[in-house]
Each structure stands twice: as structure tokens, then as C-alpha cells.
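Scroll down for the structure; my scribbles are underneath it.
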Amino acid sequence: MATRYDYNLIVIGAGAAGLTGAYLAAASKAKVLLVERHKMGGDCLNTGCVPSKALLRTGKILSYIRRANEFGLAGATAQVDFALVMERVQAVIRQVAPHDSIDRYQSLGVEVQIGEARLTGPHQVEVGGRTYSARAILLATGARPLVPPFKGLEQIPYSTSDNLWDLRTQPKELLVLGGGPIGCELAQAFGRLGSQVKIVNLAAHLLDREDPEVAQLIEKRFQQEGIKLFNSHKALEFGREEGRPYLLAQGPVGPVKIGFDHALIALGRQANSEIPGAKELGIHLRGNGTVEANPFLQTNLPHIFVAGDLTGPYQFTHTAGHQAWYAAVNALFDPFKKFKVDYSVIPWCTFVDPEVAHVGLNETEAKQQGLDYQVTHYPLADLDRAIADAETQGFVKVLTQGSKDRILGVTIVGSHAGDLIAEFVLAMKQGRGLNQILGTIHIYPTLAEANKMAAGAWKRTHLPKGLLALVELFHRWRRS
């Protein structure tokens, strides 16, 4: 007798990956159960993307007020009410929350249960004392901030990106431990709000996944805004001296004590792989604690799939949703049809000011791979709209394959870089080159023209000189 299941798919976790997977399953008319133990929307809505961008927006407005004289506005000032700023952040979360709510997903055909899920078999999940079965299970429990067991950590006031949003009193001196995207975004936001910010970073530069020129530009901007940088410093331990918290760090010239009022630990994220029952079922983990998966996003148990930060390798909301599409389709239609997840064109953006957006290879990676590539560099200081907006810091940097116009990768640093990169993402995904971008009409005056200008800069270095010489002779003949 054939096995009967309660559902086609059970999804554990209602963050970016889980919501996408559940929605796709319901849209394809499958019966799906979504289980979330805490809050719908996961980290992105509640503690990550949404609150951080709301905070960054306030910081951006303050930066414009401080630059008011550049725009002919004399005497513009603003007083920061930190508690109100943080309440606005919560208001933004509440406004976005209906997009990820139980009511919305139930209206889309998804059954939702709030409670902790326990895997009791390769097809069984227990929630609230009741067992549900499904032909396939999708694990999407996300990740949490990594907090190493530093000596003395219990003696100091600190936050992570999870609970920073509970603060209502602004730290006078904020220590940010970590120079990656989360640390840099929040460091700049708090600096603009008026905190004295100190970044302690193990790497030689901030944002060390980007090219050195990118890091140098961001570091210069941070220092202009009063942020103190301690690059190449290894955090050793925390302590107190005369009641004041400090970090003992090992720098290039020896140990140094760095005082602060409050610390933000921003040293990356670790997968929430401690799913009840997963160890007993023998689900394999990688050395870094993420769940191991094949190219179809199956775990070693073929009916259990995984997506998002739980498996990586990219810890972005958009890649979580991307993986969930593949995982859900494969879970629902295997063995009749399944797809290998496509990581060929993965964009990301760090929302510092100026923004840093990236897709494909950067120059550092191209060198490491020994590729034949060319670099086209277009400075935003030459762009009319950037000049009008007083947003001239940054550039568009395009890597192309040899002498061809095929795009290997793009880095954009500048205002709205995260929006501007989309044109290059589409071009790379569809196999289009710089000639196609150059031949596309862009509205004048817009920041998006920077993409066309970069394509034009590439074209000027690849003109057909022999043909142009013949054309010159042709025009000379026409004049005679």
C-alpha cells in the first residue's frame, strides 16, 4: 500500500528562504505547512535588512543636514532624539510586517503553525505535540550573530545585530568589533547619529572581500566622518578599568587598550543548525556548522532539502530566496524534474555611504584565477547627475574578458549603487555585453547613465582602427 502524507511540503523557518519556498509550493497548488518558532519574516524583517536600512536612512538625512551649506542652505541643524529614531525603526518594521504575516501567507494557501518543529523522521515533523507528515521537508532556519567566547565579555555591555534595536539610550562611544558589511553599515549609522565610533578589524582593510581601492575609499569617508579605525587588530579580551569597559587588542605595534561605553559584536553569523531531531536523523553538517547539501539543495537524506543561511555559502536575503526557489521546485517535482542551483550571477550590496555593489568577479579574484581580463573604470565625478546631486564619490568598474565585451564582473561604488548594479546583473544573466548596454537609451540626467558611460569608455579603447582609417579616407573623398 502506498504511503500517504499530510502535506507535499513542510517548511521549517519563516525567514526569506522559508517564506519563498512556502509561497512557491502553494502557488504550484501543493499542500504546504510552514512552521515558525518565533517571528514571521525572520532576521531580515525583524533584526536585519529592514531595521538597518531604516536607521541608515536617518543617518543619511543627518549627513545632508551637515552638508547643507553645499546646497545653499545656511544654518540648517537637527537634534537627534535617539529613542525616537529607534522607535521609527520599529514603526518601519511594523509597516513592512504584513508582507510576511500569517494572514497573508494563509491567504496565499499556506498553512502556518507557530511553535518549535522537531524532526522525528525523514518525512515527519512534530509541532506542539502533534506529528505531521510530508513527502518532502525544507529546512530554512537561518543563522544568528556569531559571538566568540572572549574572556571578560560578561563584564561589558554589548549588543549584536539581533538585539541592538532594543537600545533607547545612545552610546557615547561605540566599539564595533568587525569590519564586514554589518559592522560598517551600523558603524556609519551610529557615527552619523553622534556616537564616537571605533572599529576594530582583524583584516588589513574594511570590507576585505572587495578590491583594495574600494576599501580605501570607504575608509577615507569613514575617517572624514570621525570614525576611528583599528585595522589589523586582533581582539584578545575585554575588561574594566576604573569601571570603564575596554578591549585589549593586539595591533601591528603591540597591545592596545581601547575604551568604550557599549560594544557591537559584528563578527559574522553562524547557522541555526541545532534543529531538534536533526542530529538524531544523521543530517550532515560542514565544518563551519552549515548543513551540507548537494547542487539540488538536498541534504544527505534525499527528501529533506535546505536553503538560505542554514546552508550558505552566501548569506544574503536575495540568495536565500533564490535557493528556496530551487529547493521547493526540486522537493515538489523530484524525480520527474529537478534543477541544480545556479550561482553564476550573484549580486550583493553593502549599504554604507557611498554604497558598494558587486556582481561577478572583482579584480582581486580575477588575478587569483589567472584570467585574461581588462578593466574599464568610469569615475562618477564625470557624471552630470552625480555632479548636480553632489554625489560624485565613487566609480563604475567593469571587468571584461580579454578584448571582448563579455562582462566578468562589476563593482559600483556610489549613491544608489545597489540599484544601478541591476542592469549589469541582467546583462550577465542573459549573456549580454557592454555593446548592448552602450546601445540602450538611458534617461538623461540620471545616475543610471554611469553604466552607459562605462560601456562607452570601454568602446573607446576598442575602436576598429583599421576600419576608421578607411572611413576617414571615404569622408575625404566625399569632400573632394
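Chain labels follow the order of the C-alpha cells: the first chain is A, the next B, and so on; residue numbering restarts at 1 in every chain, and ligands are counted from 1 in their shown order.
The shell of residues at most 6 Å from segment 373-383 of chain A, with only C-alpha atoms counted and near chain neighbours (fewer than 2 positions) removed, consists of A:Leu371, A:Arg385, A:Ala386, A:Thr392, A:Gly394, A:Phe395, A:Val396, A:Lys397, A:Val398, A:Leu399, A:Thr400, A:Gln401, A:Gly402, A:Ala454, A:Trp458.
Within segment 63-167 of chain A, residues classed as strand (DSSP E or B) by DSSP on backbone coordinates are Glu111, Val112, Gln113, Ile114, Ala117, Arg118, Leu119, Thr120, Gly121, Gln124, Val125, Glu126, Val127, Arg130, Thr131, Tyr132, Ser133, Ala134, Arg135, Ala136, Ile137, Leu138, Leu139, Ala143, Arg144, Pro145, Lys151, Tyr158 and Ser159 of chain A.
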Rank A:Ser403, A:Leu420, A:Leu447, A:Ile61 by their smallest atom-to-atom distance to Leu463 of chain A, using only C-alpha atoms, and report the top residue only.
A:Ser403
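Minimum atom-to-atom distance to Gly121 of chain A, evaluated using only C-alpha atoms, belongs to A:Ala136 out of A:Ala136, A:Leu56, A:Val345, A:Val32.
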Residues near Asp342 of chain A, cut-off 9 Å, only C-alpha atoms, skip fewer than 2 positions along chain, as an MDAnalysis selection string
chainID A and resid 295 322:323 326 339:340 344:346
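Proximity to segment 242-254 of chain A at 9 Å, evaluated using only C-alpha atoms and with sequence-adjacent residues fewer than 2 positions away removed, yields Gln155, Ile156, Pro157, Leu175, Val200, Leu202, Phe230, Asn231, Ser232, His233, Lys234, Ala235, Leu236, Glu237, Phe238, Gly239, Arg240, Val256, Lys257, Ile258, Gly259, Phe260, Asp261 and His262 of chain A.
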Å distance separating atom CA of Ile412 of chain A from atom CA of Lys367 of chain A, one decimal place
18.8 Å
List as a VMD selection string the protein and nucleic acid residues near Asp384 of chain A, meaning an atom at most 12 Å away when only C-alpha atoms are counted, but skip any in the same chain fewer than 5 places from it.
chain A and resid 379 389 to 392 443 to 450 453
For N, CA and C atoms, I'd like the residues from the last selection saved as a PDB file, in the first residue's frame.
ATOM      1  N   PRO A 379      34.726  57.229 -13.507  1.00  0.00           N
ATOM      2  CA  PRO A 379      34.511  57.950 -12.248  1.00  0.00           C
ATOM      3  C   PRO A 379      33.188  58.710 -12.236  1.00  0.00           C
ATOM      4  N   ASP A 389      23.783  66.323  -8.013  1.00  0.00           N
ATOM      5  CA  ASP A 389      23.363  65.816  -6.704  1.00  0.00           C
ATOM      6  C   ASP A 389      24.442  65.947  -5.638  1.00  0.00           C
ATOM      7  N   ALA A 390      25.635  66.407  -6.019  1.00  0.00           N
ATOM      8  CA  ALA A 390      26.785  66.445  -5.102  1.00  0.00           C
ATOM      9  C   ALA A 390      27.070  65.060  -4.532  1.00  0.00           C
ATOM     10  N   GLU A 391      27.008  64.052  -5.414  1.00  0.00           N
ATOM     11  CA  GLU A 391      27.275  62.658  -5.032  1.00  0.00           C
ATOM     12  C   GLU A 391      28.331  62.080  -5.983  1.00  0.00           C
ATOM     13  N   THR A 392      29.479  62.745  -6.021  1.00  0.00           N
ATOM     14  CA  THR A 392      30.498  62.389  -7.012  1.00  0.00           C
ATOM     15  C   THR A 392      31.515  61.362  -6.521  1.00  0.00           C
ATOM     16  N   ILE A 443      17.949  57.423 -19.700  1.00  0.00           N
ATOM     17  CA  ILE A 443      17.384  58.756 -19.486  1.00  0.00           C
ATOM     18  C   ILE A 443      18.471  59.709 -18.996  1.00  0.00           C
ATOM     19  N   TYR A 444      18.461  60.924 -19.532  1.00  0.00           N
ATOM     20  CA  TYR A 444      19.351  61.978 -19.068  1.00  0.00           C
ATOM     21  C   TYR A 444      18.540  63.001 -18.278  1.00  0.00           C
ATOM     22  N   PRO A 445      19.040  63.504 -17.165  1.00  0.00           N
ATOM     23  CA  PRO A 445      20.247  63.095 -16.462  1.00  0.00           C
ATOM     24  C   PRO A 445      19.894  62.151 -15.322  1.00  0.00           C
ATOM     25  N   THR A 446      20.463  60.986 -15.318  1.00  0.00           N
ATOM     26  CA  THR A 446      20.246  60.020 -14.244  1.00  0.00           C
ATOM     27  C   THR A 446      21.571  59.402 -13.831  1.00  0.00           C
ATOM     28  N   LEU A 447      21.580  58.832 -12.647  1.00  0.00           N
ATOM     29  CA  LEU A 447      22.761  58.099 -12.200  1.00  0.00           C
ATOM     30  C   LEU A 447      22.974  56.850 -13.045  1.00  0.00           C
ATOM     31  N   ALA A 448      21.877  56.292 -13.577  1.00  0.00           N
ATOM     32  CA  ALA A 448      21.987  55.081 -14.391  1.00  0.00           C
ATOM     33  C   ALA A 448      22.813  55.292 -15.644  1.00  0.00           C
ATOM     34  N   GLU A 449      22.948  56.551 -16.067  1.00  0.00           N
ATOM     35  CA  GLU A 449      23.804  56.835 -17.213  1.00  0.00           C
ATOM     36  C   GLU A 449      25.251  56.406 -16.975  1.00  0.00           C
ATOM     37  N   ALA A 450      25.636  56.283 -15.716  1.00  0.00           N
ATOM     38  CA  ALA A 450      27.006  55.857 -15.420  1.00  0.00           C
ATOM     39  C   ALA A 450      27.310  54.501 -16.053  1.00  0.00           C
ATOM     40  N   MET A 453      27.977  55.166 -19.671  1.00  0.00           N
ATOM     41  CA  MET A 453      29.255  55.857 -19.789  1.00  0.00           C
ATOM     42  C   MET A 453      30.423  54.896 -19.627  1.00  0.00           C
TER      43      MET A 453
END
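Here atom CA of Tyr132 of chain A and atom CA of Phe296 of chain A stand 24.3 Å from one another.
As for atom CA of Thr169 of chain A and atom CA of Gln188 of chain A, they are spaced 17.4 Å apart.
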Return the single residue from A:Leu139, A:Val50, A:Leu119, A:Ala204 that is closest to Glu280 of chain A, with distances computed using only C-alpha atoms.
A:Leu119
Run DSSP on the backbone and grab whatever in segment 203-363 of chain A lands in alpha helix (DSSP H); send it over as number ranges by chain.
A: 212-224, 278-281, 317-333, 363
I need the chosen residues saved as a tab-separated table (two decimals), in the first residue's frame, with C-alpha atoms.
chain	number	residue	atom	x	y	z
A	212	PRO	CA	41.59	47.47	-2.17
A	213	GLU	CA	40.56	50.72	-3.92
A	214	VAL	CA	37.00	50.17	-2.68
A	215	ALA	CA	38.13	49.67	0.90
A	216	GLN	CA	40.39	52.70	0.74
A	217	LEU	CA	37.57	54.94	-0.49
A	218	ILE	CA	35.20	53.77	2.28
A	219	GLU	CA	37.91	54.09	4.93
A	220	LYS	CA	38.65	57.65	3.81
A	221	ARG	CA	34.95	58.52	4.03
A	222	PHE	CA	34.66	56.95	7.48
A	223	GLN	CA	37.68	58.86	8.77
A	224	GLN	CA	36.28	62.12	7.36
A	278	ALA	CA	18.36	16.70	13.00
A	279	LYS	CA	21.33	15.15	14.80
A	280	GLU	CA	19.39	12.01	15.59
A	281	LEU	CA	18.44	11.66	11.92
A	317	THR	CA	18.24	37.65	1.75
A	318	HIS	CA	18.06	37.55	-2.04
A	319	THR	CA	20.22	34.43	-2.30
A	320	ALA	CA	18.10	32.75	0.38
A	321	GLY	CA	15.04	33.34	-1.78
A	322	HIS	CA	16.97	32.22	-4.86
A	323	GLN	CA	17.95	28.95	-3.22
A	324	ALA	CA	14.44	28.43	-1.89
A	325	TRP	CA	13.03	28.54	-5.42
A	326	TYR	CA	15.29	25.67	-6.47
A	327	ALA	CA	14.79	23.75	-3.23
A	328	ALA	CA	10.99	23.99	-3.37
A	329	VAL	CA	10.76	23.04	-7.05
A	330	ASN	CA	13.10	20.11	-6.55
A	331	ALA	CA	11.27	18.98	-3.42
A	332	LEU	CA	7.92	19.03	-5.20
A	333	PHE	CA	8.83	17.57	-8.58
A	363	GLU	CA	39.83	42.38	-9.95
Show me, as a VMD selection string, the residues that have an atom within 10 Å of Gln298 of chain A when counting only C-alpha atoms, minus same-chain residues fewer than 3 positions from it.
chain A and resid 137 to 139 291 to 295 301 to 307 327 330 to 331
